[in-house]
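model.txt, holding compact mmCIF, C-alpha atoms:
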```
# COMPACT_ATOMS: atom_id res chain seq x y z
CA MET N 1 181.99 -25.80 8.51
CA SER N 2 181.66 -23.31 11.37
CA LYS N 3 182.43 -24.21 14.95
CA GLY N 4 178.76 -23.83 15.89
CA ASP N 5 177.78 -26.67 13.53
CA HIS N 6 179.72 -29.27 15.48
CA LEU N 7 177.73 -31.51 17.77
CA GLY N 8 178.66 -31.73 21.40
CA GLU N 9 178.74 -35.08 23.11
CA PHE N 10 175.40 -34.62 24.85
CA GLU N 11 173.80 -33.32 21.68
CA GLN N 12 174.94 -36.47 19.88
CA LEU N 13 173.47 -38.65 22.61
CA VAL N 14 170.15 -36.83 22.47
CA LEU N 15 169.95 -37.15 18.66
CA LEU N 16 170.80 -40.85 18.87
CA ALA N 17 168.19 -41.34 21.58
CA ILE N 18 165.56 -39.73 19.35
CA LEU N 19 166.56 -41.98 16.46
CA ARG N 20 166.45 -45.07 18.68
CA LEU N 21 163.03 -44.17 20.03
CA GLY N 22 161.52 -43.50 16.61
CA ASP N 23 157.90 -42.34 16.98
CA GLU N 24 158.04 -42.42 20.77
CA ALA N 25 160.64 -39.70 21.21
CA TYR N 26 159.54 -37.02 23.65
CA GLY N 27 161.11 -35.41 26.71
CA MET N 28 160.52 -38.17 29.21
CA THR N 29 161.42 -41.06 26.91
CA VAL N 30 164.57 -39.34 25.68
CA ARG N 31 165.66 -38.75 29.27
CA ARG N 32 165.02 -42.37 30.25
CA GLU N 33 166.75 -43.66 27.13
CA LEU N 34 169.84 -41.67 28.04
CA GLU N 35 169.65 -43.03 31.56
CA LYS N 36 169.19 -46.63 30.49
CA THR N 37 171.40 -46.96 27.42
CA ALA N 38 174.00 -44.23 27.76
CA GLU N 39 174.01 -44.50 31.57
CA ARG N 40 173.77 -40.73 31.81
CA ASP N 41 171.78 -39.29 34.70
CA ALA N 42 170.40 -36.30 32.83
CA THR N 43 167.77 -33.98 34.26
CA ILE N 44 164.71 -33.09 32.23
CA GLY N 45 166.00 -29.51 32.12
CA SER N 46 169.24 -30.52 30.40
CA VAL N 47 167.33 -32.68 27.93
CA TYR N 48 164.92 -29.90 27.01
CA GLY N 49 167.73 -27.38 26.88
CA THR N 50 169.57 -29.54 24.38
CA LEU N 51 166.43 -30.30 22.38
CA ASP N 52 165.66 -26.60 22.08
CA ARG N 53 169.20 -25.86 21.03
CA LEU N 54 169.11 -28.62 18.41
CA GLU N 55 165.81 -27.29 17.15
CA ARG N 56 167.31 -23.81 16.80
CA LYS N 57 170.15 -25.34 14.79
CA GLY N 58 167.59 -27.09 12.60
CA TYR N 59 168.68 -30.58 13.60
CA VAL N 60 165.38 -31.60 15.24
CA GLY N 61 161.75 -30.71 14.70
CA SER N 62 158.94 -30.94 17.22
CA TRP N 63 155.17 -31.02 17.39
CA ARG N 64 152.63 -31.28 20.17
CA THR N 65 149.76 -33.70 20.58
CA ASP N 66 146.37 -33.14 22.15
CA PRO N 67 146.17 -32.87 25.93
CA ASP N 68 146.54 -36.22 27.65
CA PRO N 69 144.75 -36.93 30.94
CA VAL N 70 147.60 -39.29 31.94
CA ARG N 71 149.86 -36.25 31.96
CA GLY N 72 147.48 -34.09 33.96
CA GLY N 73 145.98 -32.67 30.81
CA HIS N 74 149.32 -31.54 29.39
CA ARG N 75 150.30 -32.20 25.79
CA ARG N 76 153.19 -34.32 24.68
CA ARG N 77 155.89 -32.64 22.63
CA PHE N 78 157.37 -35.19 20.21
CA PHE N 79 160.71 -34.78 18.47
CA ARG N 80 162.22 -36.13 15.30
CA VAL N 81 165.65 -35.74 13.75
CA THR N 82 165.63 -33.67 10.58
CA PRO N 83 167.69 -34.60 7.50
CA GLU N 84 170.16 -31.89 8.50
CA GLY N 85 170.41 -33.46 11.92
CA GLN N 86 171.07 -36.87 10.42
CA LEU N 87 173.79 -35.38 8.20
CA ALA N 88 175.41 -33.74 11.20
CA LEU N 89 175.36 -37.06 13.08
CA ALA N 90 176.81 -38.87 10.09
CA ARG N 91 179.61 -36.28 9.90
CA VAL N 92 180.43 -36.85 13.53
CA GLN N 93 180.39 -40.61 13.05
CA ARG N 94 182.80 -40.43 10.10
CA MET N 95 185.03 -38.02 11.95
CA MET N 96 185.19 -40.35 14.96
CA GLU N 97 185.91 -43.34 12.71
CA ARG N 98 188.80 -41.45 11.12
CA MET N 99 190.15 -40.49 14.51
CA TRP N 100 189.84 -44.08 15.80
CA GLU N 101 191.62 -45.53 12.79
CA GLY N 102 194.84 -47.15 13.87
CA VAL N 103 194.14 -46.56 17.54
CA ARG N 104 194.16 -49.66 19.67
CA LEU N 105 193.28 -49.51 23.31
CA PRO N 106 194.22 -52.36 25.64
CA ALA N 107 191.43 -54.83 26.19
CA GLU N 108 190.14 -55.55 29.66
CA GLY N 109 192.83 -57.29 31.62
CA GLU N 110 195.68 -56.28 29.30
CA PRO N 111 198.46 -54.14 30.76
CA VAL N 112 198.43 -50.45 29.80
CA SER N 113 201.61 -49.42 27.96
CA MET T 1 150.31 -39.67 46.26
CA ARG T 2 150.93 -36.99 43.67
CA PRO T 3 153.88 -34.84 42.63
CA PRO T 4 154.57 -31.79 44.82
CA ARG T 5 152.12 -29.08 43.79
CA PHE T 6 154.43 -26.30 44.91
CA ALA T 7 157.10 -27.53 42.49
CA ASP T 8 154.62 -27.23 39.63
CA TRP T 9 153.63 -23.77 40.81
CA VAL T 10 157.29 -22.68 40.86
CA LEU T 11 157.76 -23.98 37.32
CA LYS T 12 154.69 -22.18 36.04
CA LEU T 13 155.73 -18.99 37.77
CA LEU T 14 159.34 -18.87 36.64
CA VAL T 15 159.39 -20.66 33.30
CA ARG T 16 157.65 -19.62 30.10
CA ARG T 17 154.31 -21.24 29.59
CA GLY T 18 154.99 -23.68 26.73
CA THR T 19 158.11 -25.17 28.23
CA ALA T 20 156.58 -25.31 31.71
CA HIS T 21 153.65 -27.38 30.47
CA ASP T 22 155.87 -29.69 28.43
CA VAL T 23 158.09 -30.33 31.40
CA ILE T 24 155.27 -30.73 33.89
CA GLY T 25 153.56 -33.23 31.60
CA ASP T 26 156.73 -35.30 31.22
CA LEU T 27 157.54 -35.18 34.90
CA HIS T 28 154.02 -36.19 35.90
CA GLU T 29 154.08 -39.10 33.48
CA GLU T 30 157.44 -40.36 34.67
CA PHE T 31 156.51 -39.78 38.31
CA PHE T 32 153.44 -42.00 38.12
CA GLU T 33 154.73 -44.60 35.65
CA PHE T 34 158.19 -45.21 37.01
CA GLN T 35 159.49 -43.17 39.89
CA LEU T 36 156.78 -43.98 42.42
CA SER T 37 157.25 -47.73 41.99
CA GLU T 38 161.06 -47.58 41.61
CA LEU T 39 161.87 -45.11 44.38
CA GLY T 40 158.90 -44.96 46.73
CA SER T 41 156.86 -41.87 47.41
CA ARG T 42 159.38 -39.85 49.44
CA ARG T 43 162.33 -40.33 47.10
CA ALA T 44 160.08 -39.90 44.09
CA ARG T 45 159.04 -36.48 45.37
CA ALA T 46 162.72 -35.60 45.99
CA TRP T 47 163.48 -36.75 42.44
CA TYR T 48 160.68 -34.50 41.18
CA TRP T 49 162.11 -31.47 42.98
CA ARG T 50 165.58 -32.19 41.62
CA GLN T 51 164.18 -32.25 38.12
CA VAL T 52 162.32 -28.93 38.61
CA LEU T 53 165.39 -27.23 40.07
CA GLY T 54 167.38 -28.47 37.10
CA VAL T 55 165.01 -26.67 34.75
CA LEU T 56 165.20 -23.26 36.39
CA PRO T 57 168.78 -22.27 35.51
CA ARG T 58 168.05 -22.84 31.83
CA TYR T 59 164.52 -21.66 31.51
CA GLY T 60 163.86 -19.53 34.54
CA LEU T 61 164.31 -15.83 35.17
CA LEU T 62 168.08 -16.03 34.60
CA LEU T 63 167.67 -17.16 31.03
CA GLY T 64 165.11 -14.48 30.30
CA PHE T 65 167.42 -11.90 31.78
CA GLY T 66 170.30 -13.17 29.68
CA ARG T 67 168.30 -12.97 26.49
CA ALA T 68 167.27 -9.42 27.26
CA PHE T 69 170.86 -8.27 27.45
CA ALA T 70 172.64 -10.52 25.00
CA PRO T 71 170.42 -11.80 22.19
CA ARG T 72 173.23 -13.93 20.76
CA PHE T 73 173.96 -15.51 24.13
CA HIS T 74 173.86 -19.27 24.27
CA ASP T 75 175.89 -21.94 25.95
CA SER T 76 177.13 -25.06 24.27
CA VAL T 77 178.25 -28.33 25.76
CA ASP T 78 180.89 -28.75 23.06
CA GLY T 79 182.79 -25.72 24.39
CA SER T 80 182.28 -23.47 21.38
CA THR T 81 182.95 -19.84 22.10
CA ASN T 82 180.05 -17.75 23.29
CA ARG T 83 179.78 -14.39 21.61
CA GLY T 84 178.13 -11.62 23.50
CA SER T 85 178.68 -8.96 26.10
CA ILE T 86 180.58 -9.15 29.35
CA ARG T 87 177.20 -9.31 31.05
CA ALA T 88 176.33 -12.43 29.05
CA SER T 89 179.57 -14.05 30.11
CA LEU T 90 178.91 -13.13 33.71
CA LEU T 91 175.41 -14.54 33.43
CA MET T 92 176.82 -17.81 32.12
CA ASP T 93 179.15 -18.00 35.11
CA VAL T 94 176.19 -17.41 37.43
CA ARG T 95 174.28 -20.23 35.77
CA TYR T 96 177.21 -22.65 35.98
CA SER T 97 177.66 -21.74 39.64
CA PHE T 98 173.98 -22.34 40.27
CA ARG T 99 174.21 -25.74 38.59
CA GLY T 100 177.29 -26.53 40.62
CA LEU T 101 175.41 -25.72 43.82
CA LEU T 102 172.60 -28.06 42.80
CA ARG T 103 175.10 -30.83 42.17
CA PHE T 104 176.55 -30.56 45.68
CA PRO T 105 173.55 -29.92 47.92
CA GLY T 106 175.44 -30.61 51.15
CA PHE T 107 177.95 -27.88 50.41
CA SER T 108 175.22 -25.53 49.23
CA ILE T 109 173.16 -25.99 52.38
CA THR T 110 176.23 -25.43 54.56
CA ALA T 111 177.12 -22.27 52.66
CA VAL T 112 173.57 -20.95 52.94
CA LEU T 113 173.46 -21.67 56.69
CA ILE T 114 176.77 -19.90 57.27
CA LEU T 115 175.60 -16.92 55.24
CA ALA T 116 172.33 -16.84 57.16
CA MET T 117 174.17 -16.87 60.50
CA GLY T 118 176.50 -14.12 59.39
CA ILE T 119 173.68 -11.96 58.09
CA GLY T 120 171.71 -12.58 61.28
CA ALA T 121 174.66 -11.60 63.45
CA ILE T 122 175.33 -8.44 61.45
CA SER T 123 171.66 -7.46 61.55
CA THR T 124 171.59 -7.91 65.32
CA VAL T 125 174.72 -5.83 65.85
CA PHE T 126 173.47 -3.12 63.51
CA GLY T 127 170.12 -3.06 65.26
CA ALA T 128 171.82 -2.56 68.60
CA VAL T 129 174.23 0.09 67.30
CA TYR T 130 171.46 1.91 65.51
CA GLY T 131 169.18 1.88 68.54
CA VAL T 132 171.86 3.09 70.91
CA LEU T 133 174.10 5.34 68.84
CA LEU T 134 172.56 6.34 65.53
CA ARG T 135 168.79 6.66 65.93
CA PRO T 136 167.92 10.28 66.73
CA PRO T 137 166.01 10.77 70.00
CA PRO T 138 162.26 11.30 69.58
CA TYR T 139 162.46 14.95 70.53
CA GLU T 140 161.98 18.15 68.62
CA ARG T 141 165.32 19.54 67.39
CA PRO T 142 167.47 17.00 69.30
CA GLU T 143 170.63 18.65 67.96
CA GLU T 144 169.83 21.72 70.06
CA LEU T 145 169.47 19.78 73.33
CA VAL T 146 172.27 19.86 75.87
CA VAL T 147 172.66 18.45 79.34
CA VAL T 148 173.92 20.99 81.80
CA GLY T 149 175.82 19.86 84.82
CA GLY T 150 178.82 20.64 86.91
CA SER T 151 182.23 19.16 87.59
CA LEU T 152 184.62 19.02 90.49
CA LEU T 153 187.86 18.16 88.77
CA GLY T 154 189.78 18.77 92.00
CA ILE T 155 188.22 15.70 93.54
CA GLY T 156 188.19 13.70 90.33
CA SER T 157 184.52 14.15 89.41
CA PRO T 158 184.38 15.29 85.80
CA THR T 159 180.58 15.22 85.71
CA LEU T 160 178.17 16.12 88.45
CA ALA T 161 174.49 16.81 88.41
CA ALA T 162 173.57 20.40 89.07
CA SER T 163 171.83 21.13 92.36
CA GLY T 164 168.37 22.65 92.62
CA SER T 165 169.71 26.11 93.46
CA GLU T 166 172.20 25.92 90.59
CA TYR T 167 169.31 25.12 88.29
CA LEU T 168 167.45 28.22 89.48
CA ASP T 169 170.57 30.33 88.99
CA TYR T 170 171.04 29.02 85.46
CA ARG T 171 167.40 29.75 84.65
CA GLU T 172 167.69 33.33 85.84
CA GLN T 173 171.09 34.20 84.56
CA ALA T 174 172.09 32.00 81.61
CA GLU T 175 171.32 33.60 78.27
CA ALA T 176 172.53 30.80 76.00
CA PHE T 177 169.46 28.62 76.51
CA SER T 178 165.95 29.19 75.24
CA ASP T 179 164.61 27.08 78.09
CA LEU T 180 165.87 24.94 80.94
CA ALA T 181 164.22 21.98 82.63
CA ALA T 182 165.42 19.90 85.55
CA LEU T 183 164.97 16.18 86.04
CA TRP T 184 166.14 13.70 88.60
CA PRO T 185 165.84 9.97 87.99
CA THR T 186 164.85 7.66 90.80
CA ARG T 187 163.14 4.35 91.52
CA VAL T 188 159.89 4.17 93.44
CA ASN T 189 157.41 1.62 94.72
CA LEU T 190 154.12 1.96 92.93
CA THR T 191 150.98 0.56 94.54
CA GLY T 192 147.32 0.84 93.65
CA GLY T 193 147.44 -1.36 90.61
CA GLU T 194 147.05 -5.14 90.47
CA LYS T 195 150.18 -5.64 92.51
CA PRO T 196 152.96 -3.40 93.87
CA VAL T 197 155.82 -2.82 91.48
CA ARG T 198 159.11 -1.03 91.60
CA VAL T 199 159.39 1.34 88.66
CA GLU T 200 161.83 3.84 87.26
CA SER T 201 160.63 7.35 87.78
CA VAL T 202 161.84 10.84 86.87
CA GLY T 203 161.00 13.87 88.94
CA THR T 204 160.86 16.91 86.71
CA THR T 205 160.03 20.57 86.42
CA SER T 206 156.71 21.22 84.71
CA ASN T 207 158.29 22.43 81.44
CA LEU T 208 160.25 19.26 80.59
CA PHE T 209 157.95 17.90 77.91
CA SER T 210 157.26 21.27 76.33
CA LEU T 211 161.02 21.82 76.13
CA LEU T 212 161.44 18.44 74.42
CA GLY T 213 158.57 19.20 72.06
CA VAL T 214 156.62 16.08 73.00
CA SER T 215 153.07 15.99 74.34
CA PRO T 216 151.10 13.23 76.09
CA VAL T 217 148.75 11.28 73.86
CA LEU T 218 146.24 10.94 76.67
CA GLY T 219 145.41 13.51 79.30
CA ARG T 220 147.52 16.64 79.58
CA ASP T 221 151.02 17.93 80.08
CA PHE T 222 152.30 19.30 83.37
CA ARG T 223 151.34 22.84 84.28
CA GLU T 224 153.26 25.28 86.41
CA ASP T 225 150.64 25.17 89.11
CA ASP T 226 150.83 21.34 89.39
CA ALA T 227 153.71 21.60 91.81
CA GLY T 228 152.14 21.79 95.26
CA GLY T 229 148.69 22.22 93.75
CA ASN T 230 145.31 21.18 95.16
CA ILE T 231 145.33 17.70 93.69
CA GLY T 232 148.72 16.83 95.25
CA TYR T 233 151.42 15.14 93.28
CA VAL T 234 150.73 14.40 89.63
CA ALA T 235 152.37 11.97 87.25
CA ILE T 236 152.55 11.33 83.56
CA ILE T 237 153.20 7.68 82.80
CA SER T 238 154.91 6.02 79.83
CA HIS T 239 152.92 4.16 77.19
CA ASN T 240 154.54 0.92 78.25
CA ALA T 241 153.58 1.48 81.90
CA TRP T 242 150.03 2.26 80.83
CA GLN T 243 149.80 -1.03 78.94
CA THR T 244 151.56 -3.28 81.44
CA LEU T 245 150.53 -1.82 84.80
CA PHE T 246 147.06 -0.51 83.94
CA ASP T 247 146.08 -2.86 81.08
CA GLY T 248 145.70 0.10 78.73
CA ALA T 249 142.60 1.19 80.64
CA ALA T 250 140.87 4.18 79.08
CA ASP T 251 140.04 5.60 82.54
CA VAL T 252 143.67 5.73 83.72
CA ILE T 253 143.58 9.53 83.59
CA GLY T 254 142.55 10.83 86.98
CA ARG T 255 143.34 7.51 88.70
CA THR T 256 145.19 7.85 92.00
CA VAL T 257 147.99 5.47 92.89
CA LYS T 258 150.60 5.53 95.64
CA MET T 259 154.22 6.21 94.96
CA ASP T 260 156.38 5.26 97.96
CA GLY T 261 153.25 5.62 100.04
CA ASP T 262 152.31 9.09 98.79
CA PRO T 263 149.15 9.50 96.69
CA ILE T 264 149.78 10.63 93.15
CA THR T 265 147.26 11.35 90.38
CA ILE T 266 147.88 10.24 86.83
CA ILE T 267 147.24 13.12 84.46
CA GLY T 268 148.74 11.94 81.20
CA VAL T 269 150.21 9.11 79.12
CA MET T 270 153.22 9.64 76.85
CA PRO T 271 153.38 8.41 73.22
CA GLN T 272 154.54 4.90 72.45
CA GLY T 273 158.31 4.70 72.19
CA PHE T 274 158.97 7.72 74.37
CA LYS T 275 161.30 6.70 77.17
CA ASN T 276 163.20 8.30 80.09
```
Can you present the structure in this file as structure tokens?
Amino acid sequence: MSKGDHLGEFEQLVLLAILRLGDEAYGMTVRRELEKTAERDATIGSVYGTLDRLERKGYVGSWRTDPDPVRGGHRRRFFRVTPEGQLALARVQRMMERMWEGVRLPAEGEPVS
Amino acid sequence: MRPPRFADWVLKLLVRRGTAHDVIGDLHEEFFEFQLSELGSRRARAWYWRQVLGVLPRYGLLLGFGRAFAPRFHDSVDGSTNRGSIRASLLMDVRYSFRGLLRFPGFSITAVLILAMGIGAISTVFGAVYGVLLRPPPYERPEELVVVGGSLLGIGSPTLAASGSEYLDYREQAEAFSDLAALWPTRVNLTGGEKPVRVESVGTTSNLFSLLGVSPVLGRDFREDDAGGNIGYVAIISHNAWQTLFDGAADVIGRTVKMDGDPITIIGVMPQGFKN
């Protein structure tokens, strides 16, 4: 696997946010999901930058809806994770599980050795 | 209350159309649905600007520039190596710096203010130096102009003005000059306008302006017969004097004023910017 196929931390978060949001995954909701669940204060620019990069890698697909008056007549651009994107996420998950195997971090309140 | 229109205009101007509309739509939706109620109108508008400024480094002119010079250029949050030219690497550094400046606005504003003060100071100094030392005088062939005077080194006077009779001697006998004019600066009381004023004045031989290659824009130049002529003393005034002392009146030519009590007729006005 080439280095470019690995997912960065933020890319993983964005993919997971899209999966969590299901059919409601577009720029604003992805940004707010990151803010709420991952506690990451991401700007809309960083979210779109990552989404575009993931789309170039083939890990997400996007489509636009009709113009919406709520959004000042602008369309919504929805995203979904492609099968390749899901495979990439699964690879990362397995890799992290392997790396975590046998590692024990002190619980809250325990002294750090 | 609505999002700042200028922010939307900046986005549309600097970001490609599709992305700009996607972003504007999302920002509008979040602004009205959440930010206004959560933050209040002022902070919501500040939030909006922060979001717009966060888009520009990625999608604005810088990114377009980068793509033009390094088609394989991209940045990656996982630290993978960017392939591309030195220019692409430099562009990435510029973008990271720009993002860093956005993250620390206090520092950025301070840096900008210091730069502005420095640039302002340098511009002022250059303006003064240029005006005094570098700008060529508004005369014809200024490199051929010389000031002729005398000196009495024995009494410690390295420069002295030439006397009237010395001027006449130089005119008759000196062969190095194509022409010679004499002038003597002074200050006089001018009356006859709205109120008396004390002005700088230069007495001169009639050929001064023709020697300098400059002509009045109104009226006429001095003539040889003006000295001691029928109309008495004559004067050519500066453009600034015309505007400030005579309100730029079109009928200033031929007007008689008094200079230290003596009547003097204005016969011309020099071009703007021409000074003693």
What lies within 7 Å of stretch 219-226 of chain T using all atoms listed in the file, ignoring chain neighbours under 3 positions off, as a PyMOL selection string?
chain T and resi 206+215-216+229+234+253+267-269
With only C-alpha atoms as the atoms that count, which of N:Ala25, N:Ala17, N:Leu7, N:Met95 lies nearest to N:Arg53?
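Of N:Ala25, N:Ala17, N:Leu7, N:Met95, the one nearest N:Arg53, counting only C-alpha atoms, is N:Leu7.
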12 Å contacts from chain N to chain T using only C-alpha atoms, as a PDB file with C-alpha atoms, in the frame of the given file:
```pdb
ATOM      1  CA  SER N   2     181.660 -23.310  11.370  1.00  0.00           C
ATOM      2  CA  LYS N   3     182.430 -24.210  14.950  1.00  0.00           C
ATOM      3  CA  GLY N   4     178.760 -23.830  15.890  1.00  0.00           C
ATOM      4  CA  ASP N   5     177.780 -26.670  13.530  1.00  0.00           C
ATOM      5  CA  HIS N   6     179.720 -29.270  15.480  1.00  0.00           C
ATOM      6  CA  LEU N   7     177.730 -31.510  17.770  1.00  0.00           C
ATOM      7  CA  GLY N   8     178.660 -31.730  21.400  1.00  0.00           C
ATOM      8  CA  GLU N   9     178.740 -35.080  23.110  1.00  0.00           C
ATOM      9  CA  PHE N  10     175.400 -34.620  24.850  1.00  0.00           C
ATOM     10  CA  GLU N  11     173.800 -33.320  21.680  1.00  0.00           C
ATOM     11  CA  GLN N  12     174.940 -36.470  19.880  1.00  0.00           C
ATOM     12  CA  LEU N  13     173.470 -38.650  22.610  1.00  0.00           C
ATOM     13  CA  ALA N  25     160.640 -39.700  21.210  1.00  0.00           C
ATOM     14  CA  TYR N  26     159.540 -37.020  23.650  1.00  0.00           C
ATOM     15  CA  GLY N  27     161.110 -35.410  26.710  1.00  0.00           C
ATOM     16  CA  MET N  28     160.520 -38.170  29.210  1.00  0.00           C
ATOM     17  CA  THR N  29     161.420 -41.060  26.910  1.00  0.00           C
ATOM     18  CA  VAL N  30     164.570 -39.340  25.680  1.00  0.00           C
ATOM     19  CA  ARG N  31     165.660 -38.750  29.270  1.00  0.00           C
ATOM     20  CA  ARG N  32     165.020 -42.370  30.250  1.00  0.00           C
ATOM     21  CA  ASP N  41     171.780 -39.290  34.700  1.00  0.00           C
ATOM     22  CA  ALA N  42     170.400 -36.300  32.830  1.00  0.00           C
ATOM     23  CA  THR N  43     167.770 -33.980  34.260  1.00  0.00           C
ATOM     24  CA  ILE N  44     164.710 -33.090  32.230  1.00  0.00           C
ATOM     25  CA  GLY N  45     166.000 -29.510  32.120  1.00  0.00           C
ATOM     26  CA  SER N  46     169.240 -30.520  30.400  1.00  0.00           C
ATOM     27  CA  VAL N  47     167.330 -32.680  27.930  1.00  0.00           C
ATOM     28  CA  TYR N  48     164.920 -29.900  27.010  1.00  0.00           C
ATOM     29  CA  GLY N  49     167.730 -27.380  26.880  1.00  0.00           C
ATOM     30  CA  THR N  50     169.570 -29.540  24.380  1.00  0.00           C
ATOM     31  CA  LEU N  51     166.430 -30.300  22.380  1.00  0.00           C
ATOM     32  CA  ASP N  52     165.660 -26.600  22.080  1.00  0.00           C
ATOM     33  CA  ARG N  53     169.200 -25.860  21.030  1.00  0.00           C
ATOM     34  CA  LEU N  54     169.110 -28.620  18.410  1.00  0.00           C
ATOM     35  CA  ARG N  56     167.310 -23.810  16.800  1.00  0.00           C
ATOM     36  CA  LYS N  57     170.150 -25.340  14.790  1.00  0.00           C
ATOM     37  CA  SER N  62     158.940 -30.940  17.220  1.00  0.00           C
ATOM     38  CA  TRP N  63     155.170 -31.020  17.390  1.00  0.00           C
ATOM     39  CA  ARG N  64     152.630 -31.280  20.170  1.00  0.00           C
ATOM     40  CA  THR N  65     149.760 -33.700  20.580  1.00  0.00           C
ATOM     41  CA  ASP N  66     146.370 -33.140  22.150  1.00  0.00           C
ATOM     42  CA  PRO N  67     146.170 -32.870  25.930  1.00  0.00           C
ATOM     43  CA  ASP N  68     146.540 -36.220  27.650  1.00  0.00           C
ATOM     44  CA  PRO N  69     144.750 -36.930  30.940  1.00  0.00           C
ATOM     45  CA  VAL N  70     147.600 -39.290  31.940  1.00  0.00           C
ATOM     46  CA  ARG N  71     149.860 -36.250  31.960  1.00  0.00           C
ATOM     47  CA  GLY N  72     147.480 -34.090  33.960  1.00  0.00           C
ATOM     48  CA  GLY N  73     145.980 -32.670  30.810  1.00  0.00           C
ATOM     49  CA  HIS N  74     149.320 -31.540  29.390  1.00  0.00           C
ATOM     50  CA  ARG N  75     150.300 -32.200  25.790  1.00  0.00           C
ATOM     51  CA  ARG N  76     153.190 -34.320  24.680  1.00  0.00           C
ATOM     52  CA  ARG N  77     155.890 -32.640  22.630  1.00  0.00           C
ATOM     53  CA  PHE N  78     157.370 -35.190  20.210  1.00  0.00           C
TER      54      PHE N  78
END
```
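The gap separating atom CA of T:Glu175 from atom CA of T:Phe209 is 20.6 Å, in Å to one decimal.
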By how many Å are atom CA of N:Val14 and atom CA of T:Phe34 apart?
20.6 Å
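As for atom CA of T:Leu91 and atom CA of T:Ala116, they are spaced 24.0 Å apart.
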Counting only C-alpha atoms, figure out which residue out of T:Ala174, T:Leu218, T:Ala235, T:Leu115 gets nearest to T:Gly248.
T:Leu218
